[in-house]
>>> print(open('run.cif').read())   # mmCIF, C-alpha atoms
data_protein
loop_
_atom_site.group_PDB
_atom_site.id
_atom_site.type_symbol
_atom_site.label_atom_id
_atom_site.label_comp_id
_atom_site.auth_asym_id
_atom_site.auth_seq_id
_atom_site.Cartn_x
_atom_site.Cartn_y
_atom_site.Cartn_z
ATOM 1 C CA MET C 1 136.863 92.867 90.238
ATOM 2 C CA THR C 2 139.266 95.777 90.116
ATOM 3 C CA GLU C 3 142.821 94.975 91.060
ATOM 4 C CA ALA C 4 144.791 96.816 93.766
ATOM 5 C CA ASN C 5 142.619 99.942 93.502
ATOM 6 C CA GLY C 6 139.446 98.101 94.546
ATOM 7 C CA ASP C 7 139.300 94.776 96.324
ATOM 8 C CA PRO C 8 142.425 94.597 98.536
ATOM 9 C CA ARG C 9 142.874 90.964 97.480
ATOM 10 C CA GLY C 10 143.462 92.112 93.887
ATOM 11 C CA ALA C 11 147.073 93.175 94.385
ATOM 12 C CA PHE C 12 148.097 89.745 95.655
ATOM 13 C CA ALA C 13 146.183 87.932 92.901
ATOM 14 C CA ALA C 14 147.704 90.142 90.213
ATOM 15 C CA GLY C 15 151.196 89.630 91.612
ATOM 16 C CA LEU C 16 150.714 85.872 91.744
ATOM 17 C CA ARG C 17 149.368 85.714 88.176
ATOM 18 C CA ALA C 18 152.268 87.813 86.890
ATOM 19 C CA ALA C 19 154.863 85.669 88.671
ATOM 20 C CA ILE C 20 153.344 82.423 87.354
ATOM 21 C CA SER C 21 153.202 83.833 83.837
ATOM 22 C CA ASP C 22 156.804 85.108 83.936
ATOM 23 C CA ARG C 23 158.014 81.744 85.175
ATOM 24 C CA GLY C 24 156.055 79.914 82.459
ATOM 25 C CA ILE C 25 154.746 77.339 84.902
ATOM 26 C CA THR C 26 151.347 75.682 85.173
ATOM 27 C CA LEU C 27 149.291 75.739 88.342
ATOM 28 C CA ALA C 28 149.479 71.944 88.530
ATOM 29 C CA ARG C 29 153.288 72.032 88.319
ATOM 30 C CA LEU C 30 153.434 74.704 91.028
ATOM 31 C CA GLN C 31 151.230 72.568 93.263
ATOM 32 C CA SER C 32 153.529 69.582 92.737
ATOM 33 C CA LEU C 33 156.643 71.606 93.591
ATOM 34 C CA LEU C 34 155.006 72.955 96.740
ATOM 35 C CA ALA C 35 154.068 69.414 97.788
ATOM 36 C CA ASP C 36 157.714 68.377 97.347
ATOM 37 C CA ASP C 37 158.628 71.111 99.848
ATOM 38 C CA GLY C 38 156.006 69.960 102.341
ATOM 39 C CA ASN C 39 153.546 72.763 101.491
ATOM 40 C CA ARG C 40 150.387 70.868 100.572
ATOM 41 C CA VAL C 41 147.893 73.194 98.875
ATOM 42 C CA SER C 42 144.944 72.039 96.813
ATOM 43 C CA MET C 43 144.470 73.042 93.194
ATOM 44 C CA ALA C 44 141.199 74.723 94.164
ATOM 45 C CA THR C 45 142.965 76.874 96.767
ATOM 46 C CA LEU C 46 145.701 77.917 94.346
ATOM 47 C CA SER C 47 143.055 78.763 91.774
ATOM 48 C CA TYR C 48 141.161 80.879 94.312
ATOM 49 C CA TRP C 49 144.344 82.745 95.190
ATOM 50 C CA ARG C 50 145.233 83.336 91.550
ATOM 51 C CA SER C 51 141.760 84.670 90.715
ATOM 52 C CA GLY C 52 141.470 86.820 93.830
ATOM 53 C CA ALA C 53 138.334 85.024 95.043
ATOM 54 C CA ARG C 54 140.213 84.294 98.266
ATOM 55 C CA GLN C 55 143.531 85.226 99.784
ATOM 56 C CA PRO C 56 145.924 83.212 101.981
ATOM 57 C CA GLU C 57 145.205 83.332 105.719
ATOM 58 C CA GLY C 58 146.581 81.383 108.609
ATOM 59 C CA ALA C 59 150.086 80.127 109.325
ATOM 60 C CA GLN C 60 149.950 77.141 106.933
ATOM 61 C CA SER C 61 148.716 79.210 103.989
ATOM 62 C CA LEU C 62 151.240 81.972 104.623
ATOM 63 C CA ALA C 63 154.013 79.379 104.777
ATOM 64 C CA ALA C 64 152.799 78.114 101.393
ATOM 65 C CA VAL C 65 153.033 81.647 99.990
ATOM 66 C CA GLU C 66 156.660 81.806 101.100
ATOM 67 C CA GLY C 67 157.150 78.475 99.322
ATOM 68 C CA ILE C 68 155.613 79.977 96.173
ATOM 69 C CA GLU C 69 158.017 82.911 96.377
ATOM 70 C CA ASP C 70 160.959 80.516 96.624
ATOM 71 C CA ARG C 71 159.784 78.294 93.769
ATOM 72 C CA LEU C 72 159.040 81.239 91.471
ATOM 73 C CA GLY C 73 162.373 82.911 92.205
ATOM 74 C CA LEU C 74 160.867 85.886 94.018
ATOM 75 C CA HIS C 75 162.337 87.771 96.938
ATOM 76 C CA ARG C 76 160.901 86.751 100.309
ATOM 77 C CA GLY C 77 158.015 89.069 101.133
ATOM 78 C CA HIS C 78 157.282 89.984 97.500
ATOM 79 C CA LEU C 79 153.838 88.359 97.531
ATOM 80 C CA THR C 80 153.053 88.569 101.259
ATOM 81 C CA SER C 81 153.528 92.332 101.154
ATOM 82 C CA LEU C 82 150.637 92.503 98.653
ATOM 83 C CA LEU C 83 148.139 90.815 100.966
ATOM 84 C CA GLY C 84 145.225 92.898 102.175
ATOM 85 C CA PRO C 85 143.814 92.840 105.727
ATOM 86 C CA SER C 86 142.782 89.407 106.934
ATOM 87 C CA THR C 87 139.085 88.659 107.206
ATOM 88 C CA ARG C 88 139.943 86.719 110.368
ATOM 89 C CA LEU C 89 141.222 89.802 112.184
ATOM 90 C CA GLY C 90 137.806 91.304 112.819
ATOM 91 C CA PRO C 91 137.171 95.007 112.175
ATOM 92 C CA VAL C 92 140.423 96.935 111.668
ATOM 93 C CA VAL C 93 139.727 100.652 111.689
ATOM 94 C CA PRO C 94 142.143 103.091 110.037
ATOM 95 C CA PRO C 95 144.855 104.258 112.461
ATOM 96 C CA ARG C 96 144.804 107.827 113.762
ATOM 97 C CA LEU C 97 147.619 109.660 115.505
ATOM 98 C CA PRO C 98 146.325 109.861 119.077
ATOM 99 C CA PHE C 99 147.585 113.328 119.984
ATOM 100 C CA ASP C 100 145.261 116.336 119.876
ATOM 101 C CA GLU C 101 147.845 119.131 119.810
ATOM 102 C CA GLU C 102 148.775 120.192 116.273
ATOM 103 C CA ARG C 103 152.476 120.272 117.142
ATOM 104 C CA GLU C 104 152.453 116.761 118.571
ATOM 105 C CA GLN C 105 150.500 115.467 115.559
ATOM 106 C CA ARG C 106 152.950 117.038 113.128
ATOM 107 C CA GLU C 107 156.131 116.062 114.959
ATOM 108 C CA THR C 108 154.889 112.503 115.499
ATOM 109 C CA ALA C 109 154.425 112.098 111.739
ATOM 110 C CA GLU C 110 157.861 113.659 111.133
ATOM 111 C CA THR C 111 159.476 111.340 113.688
ATOM 112 C CA PHE C 112 157.927 108.251 112.083
ATOM 113 C CA ALA C 113 159.240 109.455 108.720
ATOM 114 C CA ALA C 114 162.732 110.096 110.077
ATOM 115 C CA LEU C 115 162.833 106.633 111.641
ATOM 116 C CA ARG C 116 161.761 105.110 108.298
ATOM 117 C CA SER C 117 159.356 102.998 110.328
ATOM 118 C CA VAL C 118 156.684 100.621 109.068
ATOM 119 C CA PRO C 119 153.344 102.331 108.286
ATOM 120 C CA GLN C 120 150.960 102.438 111.239
ATOM 121 C CA GLU C 121 148.217 100.780 109.199
ATOM 122 C CA THR C 122 150.238 97.537 109.126
ATOM 123 C CA LEU C 123 149.947 96.774 112.839
ATOM 124 C CA ARG C 124 147.751 97.209 115.882
ATOM 125 C CA ASP C 125 148.212 97.166 119.625
ATOM 126 C CA LEU C 126 146.199 94.340 121.185
ATOM 127 C CA SER C 127 147.302 94.634 124.797
ATOM 128 C CA THR C 128 149.716 96.918 126.632
ATOM 129 C CA GLN C 129 150.674 96.749 130.288
ATOM 130 C CA VAL C 130 152.698 99.648 131.671
ATOM 131 C CA THR C 131 154.179 99.328 135.177
ATOM 132 C CA VAL C 132 155.591 102.584 136.529
ATOM 133 C CA TYR C 133 157.910 103.091 139.516
ATOM 134 C CA VAL C 134 157.978 106.528 141.162
ATOM 135 C CA GLY C 135 161.019 107.447 143.246
ATOM 136 C CA ALA C 136 161.441 109.348 146.498
ATOM 137 C CA ARG C 137 161.493 112.671 144.653
ATOM 138 C CA GLY C 138 158.026 112.063 143.207
ATOM 139 C CA ALA C 139 159.191 111.588 139.600
ATOM 140 C CA VAL C 140 159.138 108.448 137.462
ATOM 141 C CA GLU C 141 162.350 106.474 137.799
ATOM 142 C CA LYS C 142 161.549 103.426 135.710
ATOM 143 C CA ILE C 143 158.853 102.112 133.388
ATOM 144 C CA VAL C 144 158.455 98.471 132.386
ATOM 145 C CA MET C 145 156.262 98.019 129.318
ATOM 146 C CA ARG C 146 154.894 94.779 127.902
ATOM 147 C CA SER C 147 152.987 94.944 124.615
ATOM 148 C CA LEU C 148 151.180 92.379 122.468
ATOM 149 C CA VAL C 149 151.147 93.570 118.839
ATOM 150 C CA GLN C 150 149.411 92.066 115.799
ATOM 151 C CA ALA C 151 150.269 92.388 112.113
ATOM 152 C CA VAL C 152 147.206 93.356 110.097
ATOM 153 C CA ARG C 153 148.859 93.220 106.686
ATOM 154 C CA GLY C 154 152.043 91.963 105.089
ATOM 155 C CA VAL C 155 155.086 90.984 107.136
ATOM 156 C CA ILE C 156 156.169 92.990 110.193
ATOM 157 C CA THR C 157 159.843 92.928 111.168
ATOM 158 C CA GLU C 158 159.968 95.958 113.478
ATOM 159 C CA ILE C 159 157.868 98.132 115.773
ATOM 160 C CA PRO C 160 158.235 101.917 116.186
ATOM 161 C CA LEU C 161 157.676 103.674 119.530
ATOM 162 C CA ILE C 162 157.108 107.395 120.148
ATOM 163 C CA ASP C 163 157.780 109.260 123.405
ATOM 164 C CA VAL C 164 156.775 112.810 124.384
ATOM 165 C CA ALA C 165 158.923 114.476 127.042
ATOM 166 C CA PRO C 166 157.364 116.593 129.818
ATOM 167 C CA GLU C 167 159.179 119.604 128.314
ATOM 168 C CA GLU C 168 161.751 120.303 125.635
ATOM 169 C CA THR C 169 165.067 118.583 126.296
ATOM 170 C CA GLU C 170 168.237 117.523 124.505
ATOM 171 C CA MET C 171 168.042 114.143 126.240
ATOM 172 C CA MET C 172 166.241 110.942 125.373
ATOM 173 C CA SER C 173 165.003 108.302 127.743
ATOM 174 C CA VAL C 174 166.991 105.051 127.713
ATOM 175 C CA ILE C 175 165.395 101.813 126.475
ATOM 176 C CA SER C 176 167.038 98.649 127.824
ATOM 177 C CA ASP C 177 166.384 95.008 128.729
ATOM 178 C CA VAL C 178 164.440 94.458 125.504
ATOM 179 C CA VAL C 179 162.815 91.030 125.269
ATOM 180 C CA GLY C 180 161.542 89.888 121.873
ATOM 181 C CA GLY C 181 163.691 92.295 119.864
ATOM 182 C CA ARG C 182 166.487 94.841 119.929
ATOM 183 C CA ILE C 183 166.849 98.601 119.515
ATOM 184 C CA ASP C 184 167.701 99.226 115.861
ATOM 185 C CA ARG C 185 167.256 102.979 115.391
ATOM 186 C CA GLU C 186 166.470 106.043 117.487
ATOM 187 C CA TYR C 187 165.734 109.665 116.708
ATOM 188 C CA LEU C 188 165.339 112.918 118.654
ATOM 189 C CA HIS C 189 163.098 115.394 116.844
ATOM 190 C CA PRO C 190 164.683 118.857 116.319
ATOM 191 C CA GLY C 191 161.801 120.308 118.325
ATOM 192 C CA ARG C 192 163.299 118.452 121.329
ATOM 193 C CA LEU C 193 159.895 117.397 122.635
ATOM 194 C CA LEU C 194 159.377 114.110 120.777
ATOM 195 C CA SER C 195 161.678 111.167 120.230
ATOM 196 C CA GLY C 196 161.309 107.708 118.817
ATOM 197 C CA VAL C 197 162.930 104.304 118.639
ATOM 198 C CA VAL C 198 162.492 101.288 116.390
ATOM 199 C CA ILE C 199 162.599 97.805 117.895
ATOM 200 C CA ALA C 200 163.658 95.134 115.386
ATOM 201 C CA LEU C 201 161.800 91.926 116.214
ATOM 202 C CA ASP C 202 163.609 88.663 116.907
ATOM 203 C CA GLU C 203 161.137 86.912 114.604
ATOM 204 C CA PRO C 204 158.993 88.556 111.870
ATOM 205 C CA ILE C 205 155.234 88.179 112.096
ATOM 206 C CA THR C 206 152.858 87.786 109.168
ATOM 207 C CA MET C 207 149.299 89.025 108.799
ATOM 208 C CA GLY C 208 147.195 87.883 111.731
ATOM 209 C CA GLY C 209 150.247 86.833 113.735
ATOM 210 C CA THR C 210 151.241 88.385 117.049
ATOM 211 C CA THR C 211 154.437 89.169 118.898
ATOM 212 C CA LEU C 212 155.096 90.040 122.526
ATOM 213 C CA ILE C 213 157.792 92.530 123.470
ATOM 214 C CA GLU C 214 158.940 93.891 126.798
ATOM 215 C CA PHE C 215 161.419 96.614 127.681
ATOM 216 C CA THR C 216 162.487 98.958 130.467
ATOM 217 C CA GLU C 217 162.611 102.737 130.107
ATOM 218 C CA THR C 218 164.766 104.853 132.427
ATOM 219 C CA PHE C 219 165.648 108.546 132.480
ATOM 220 C CA PRO C 220 169.189 109.946 132.626
ATOM 221 C CA PRO C 221 170.246 112.664 135.102
ATOM 222 C CA GLY C 222 168.975 116.054 133.933
ATOM 223 C CA TYR C 223 165.952 114.623 132.129
ATOM 224 C CA PRO C 224 162.815 116.679 132.967
ATOM 225 C CA ALA C 225 160.957 115.271 135.959
ATOM 226 C CA ARG C 226 157.988 113.204 134.813
ATOM 227 C CA GLN C 227 154.941 113.074 137.087
ATOM 228 C CA SER C 228 152.631 111.247 134.733
ATOM 229 C CA ALA C 229 152.273 107.870 133.070
ATOM 230 C CA TRP C 230 150.362 107.444 129.824
ATOM 231 C CA HIS C 231 149.792 105.182 126.869
ATOM 232 C CA ALA C 232 148.734 106.303 123.390
ATOM 233 C CA THR C 233 147.185 104.004 120.818
ATOM 234 C CA ALA C 234 146.259 104.672 117.196
ATOM 235 C CA ARG C 235 143.541 101.969 117.083
ATOM 236 C CA PRO C 236 141.145 100.392 119.588
ATOM 237 C CA ALA C 237 143.074 97.992 121.830
ATOM 238 C CA ARG C 238 141.719 94.982 123.665
ATOM 239 C CA GLU C 239 143.415 96.070 126.888
ATOM 240 C CA SER C 240 145.357 99.099 128.103
ATOM 241 C CA LEU C 241 146.659 98.883 131.678
ATOM 242 C CA ILE C 242 148.730 101.425 133.618
ATOM 243 C CA TRP C 243 149.900 100.566 137.141
ATOM 244 C CA VAL C 244 151.846 103.193 139.115
ATOM 245 C CA HIS C 245 153.805 102.322 142.268
ATOM 246 C CA PHE C 246 154.834 105.225 144.534
ATOM 247 C CA SER C 247 157.777 105.297 146.915
ATOM 248 C CA PRO C 248 156.541 105.463 150.540
ATOM 249 C CA ALA C 249 158.563 108.690 150.787
ATOM 250 C CA ALA C 250 156.670 110.312 147.901
ATOM 251 C CA LEU C 251 152.976 109.542 148.225
ATOM 252 C CA PRO C 252 151.240 112.267 146.169
ATOM 253 C CA SER C 253 148.814 114.853 147.522
ATOM 254 C CA TRP C 254 146.522 114.201 144.564
ATOM 255 C CA CYS C 255 146.244 111.848 141.616
ATOM 256 C CA GLU C 256 143.936 111.857 138.610
ATOM 257 C CA GLU C 257 143.268 109.746 135.576
ATOM 258 C CA TYR C 258 142.716 111.420 132.216
ATOM 259 C CA ILE C 259 141.466 110.385 128.813
ATOM 260 C CA GLU C 260 142.017 112.281 125.568
ATOM 261 C CA THR C 261 140.279 111.297 122.337
ATOM 262 C CA GLU C 262 139.287 113.139 119.189
ATOM 263 C CA ASP C 263 135.845 113.821 120.656
ATOM 264 C CA GLU C 264 136.372 114.218 124.378
ATOM 265 C CA TYR C 265 138.647 115.050 127.276
ATOM 266 C CA SER C 266 137.926 113.909 130.818
ATOM 267 C CA ALA C 267 139.790 113.874 134.125
ATOM 268 C CA THR C 268 138.776 112.106 137.351
ATOM 269 C CA MET C 269 140.436 112.268 140.763
ATOM 270 C CA ARG C 270 141.748 108.941 142.056
ATOM 271 C CA SER C 271 142.765 107.675 145.494
ATOM 272 C CA LEU C 272 145.762 105.479 146.206
ATOM 273 C CA GLN C 273 145.427 101.908 147.437
ATOM 274 C CA GLY C 274 148.438 100.655 149.322
ATOM 275 C CA GLY C 275 150.753 103.158 147.677
ATOM 276 C CA SER C 276 149.725 102.382 144.107
ATOM 277 C CA VAL C 277 147.010 103.204 141.596
ATOM 278 C CA HIS C 278 146.010 101.527 138.354
ATOM 279 C CA LEU C 279 143.913 102.356 135.318
ATOM 280 C CA VAL C 280 142.550 99.791 132.857
ATOM 281 C CA ARG C 281 140.366 100.122 129.763
ATOM 282 C CA HIS C 282 139.135 97.556 127.258
ATOM 283 C CA GLY C 283 138.470 98.590 123.665
ATOM 284 C CA PHE C 284 139.997 102.033 124.188
ATOM 285 C CA GLY C 285 141.462 103.995 121.285
ATOM 286 C CA PRO C 286 142.505 105.859 119.377
ATOM 287 C CA GLY C 287 143.564 108.292 122.055
ATOM 288 C CA VAL C 288 145.671 108.810 125.154
ATOM 289 C CA LEU C 289 145.013 107.174 128.506
ATOM 290 C CA GLY C 290 146.999 108.326 131.526
ATOM 291 C CA LEU C 291 147.550 109.012 135.214
ATOM 292 C CA ARG C 292 149.230 112.094 136.696
ATOM 293 C CA TRP C 293 149.945 113.262 140.199
ATOM 294 C CA GLY C 294 151.299 116.167 142.222
ATOM 295 C CA TYR C 295 152.406 117.448 145.614
ATOM 296 C CA ASP C 296 150.878 120.372 147.473
ATOM 297 C CA ARG C 297 153.840 120.928 149.779
#
>>> encode(input="run.cif", output="structure tokens")
Amino acid sequence: MTEANGDPRGAFAAGLRAAISDRGITLARLQSLLADDGNRVSMATLSYWRSGARQPEGAQSLAAVEGIEDRLGLHRGHLTSLLGPSTRLGPVVPPRLPFDEEREQRETAETFAALRSVPQETLRDLSTQVTVYVGARGAVEKIVMRSLVQAVRGVITEIPLIDVAPEETEMMSVISDVVGGRIDREYLHPGRLLSGVVIALDEPITMGGTTLIEFTETFPPGYPARQSAWHATARPARESLIWVHFSPAALPSWCEEYIETEDEYSATMRSLQGGSVHLVRHGFGPGVLGLRWGYDR
């Protein structure tokens, strides 16, 4: 077995072996110390972890790894950050920036870098529900977003979000009423089209774990009128749902759904039902899923 360059379990095994060797402790002694802390792990399991034949998975095993870090005098996260993708997560495809335009691709990467955000390969979007409220002028007034996110490697303490304005502007939308975290950093790209925020989670999640966040997005006076609602994902998501509610004073003349992926672009006209329209897809991504509308008058 090659170490970190081959089998992804190698980095964790190598780190564990090095820490045990530096501490000058036997595996049996480590097991005894873990048991004293309430982390009961068998000798066979510890041996598997040390050799790289298996890696820790599940809440109990990951708690034991944190106990190992404490007992071996390591910083929290030193070993968990070396864990490869969980075999319990199912297929985890490499992430891909979902935008097709070269400028949006480039500025998205630059915005992530400026935010110093966690790498996109460490997390995936399982389910996102976007509820959009359109005002009497026909533009979006408020968006409420609820997202279920899963860690696919290491420990996740924050989640980055990217927004693309309808046109270049010096303003950013306002994120408020965050549930499950708090706004830690924000950044407006010099190109004035893209911006980003980082939500620091109330509780970190480890590989395979999930967190649910919710927030409200509003737009300050002077922000370009937005007559679309979309969601972009870098990996296939279990569910993507967009639900747009129109003011009775601003029912659109037309509405269409659109889908953008690396291989295709499609747009389909939609009719309103009771002043609202929704779009849902299962297993969609990477790509952009959206609804847009307009007024003939």
>>> atom_distance(input="run.cif", atom1="atom CA of C:Glu239", atom2="atom CA of C:Ser127")
4.6 Å
>>> residues_around(input="run.cif", residues="C:Val130", least_positions_apart="3", cutoff="6 Å", atoms="only C-alpha atoms", output="PyMOL selection string")
chain C and resi 144-145+242
>>> atom_distance(input="run.cif", atom1="atom CA of C:Val174", atom2="atom CA of C:Leu289")
22.1 Å
>>> residues_around(input="run.cif", residues="stretch 12-16 of chain C", least_positions_apart="4", cutoff="7 Å", atoms="only C-alpha atoms", output="list in words")
Glu3, Ile20, Trp49, Arg50, Ser51, Gly52, Leu79, Leu82 and Leu83 of chain C
>>> closest_residue(input="run.cif", among="C:Gln120, C:Thr218, C:Thr108, C:Thr128", to="C:Arg146", atoms="only C-alpha atoms")
C:Thr128
>>> atom_distance(input="run.cif", atom1="atom CA of C:Pro224", atom2="atom CA of C:Lys142")
13.6 Å
>>> closest_atom_pairs(input="run.cif", of="stretch 107-182 of chain C", to="stretch 198-210 of chain C", cutoff="10 Å", atoms="all atoms listed in the file", output="Markdown table")
| residue | atom | partner | partner_atom | distance |
| --- | --- | --- | --- | --- |
| C:Phe112 | CA | C:Val198 | CA | 9.4 |
| C:Leu115 | CA | C:Val198 | CA | 7.2 |
| C:Arg116 | CA | C:Val198 | CA | 9.0 |
| C:Ser117 | CA | C:Val198 | CA | 7.0 |
| C:Val118 | CA | C:Val198 | CA | 9.4 |
| C:Thr122 | CA | C:Met207 | CA | 8.6 |
| C:Leu123 | CA | C:Met207 | CA | 8.8 |
| C:Arg124 | CA | C:Thr210 | CA | 9.6 |
| C:Asp125 | CA | C:Thr210 | CA | 9.6 |
| C:Leu126 | CA | C:Thr210 | CA | 8.8 |
| C:Leu148 | CA | C:Thr210 | CA | 6.7 |
| C:Val149 | CA | C:Thr210 | CA | 5.5 |
| C:Gln150 | CA | C:Thr210 | CA | 4.3 |
| C:Ala151 | CA | C:Met207 | CA | 4.8 |
| C:Val152 | CA | C:Met207 | CA | 5.0 |
| C:Arg153 | CA | C:Met207 | CA | 4.7 |
| C:Gly154 | CA | C:Met207 | CA | 5.5 |
| C:Val155 | CA | C:Thr206 | CA | 4.4 |
| C:Ile156 | CA | C:Ile205 | CA | 5.3 |
| C:Thr157 | CA | C:Pro204 | CA | 4.5 |
| C:Glu158 | CA | C:Ala200 | CA | 4.2 |
| C:Ile159 | CA | C:Ile199 | CA | 5.2 |
| C:Pro160 | CA | C:Val198 | CA | 4.3 |
| C:Leu161 | CA | C:Val198 | CA | 6.2 |
| C:Ile162 | CA | C:Val198 | CA | 9.0 |
| C:Ile175 | CA | C:Ile199 | CA | 9.9 |
| C:Val178 | CA | C:Ile199 | CA | 8.5 |
| C:Val179 | CA | C:Asp202 | CA | 8.7 |
| C:Gly180 | CA | C:Asp202 | CA | 5.5 |
| C:Gly181 | CA | C:Leu201 | CA | 4.1 |
| C:Arg182 | CA | C:Ile199 | CA | 5.3 |
>>> closest_residue(input="run.cif", among="C:Glu257, C:Glu170, C:Asp163, C:Asp36", to="C:Glu217", atoms="all atoms listed in the file")
C:Asp163
>>> residues_around(input="run.cif", residues="stretch 189-193 of chain C", least_positions_apart="2", cutoff="12 Å", atoms="all atoms listed in the file", output="PyMOL selection string")
chain C and resi 103-115+162-173+186-187+195-197+223-224
>>> axis_aligned_box(input="run.cif", around="stretch 170-174 of chain C", padding_each_side="8 Å", output="lines of an AutoDock Vina configuration file")
center_x = 166.6
center_y = 111.3
center_z = 126.1
size_x = 19.2
size_y = 28.5
size_z = 19.2
>>> resolve_selection(input="run.cif", expression="the PyMOL selection byres ((chain C and resi 285) around 8)", output="PyMOL selection string")
chain C and resi 98+232-237+261+283-284+286-288
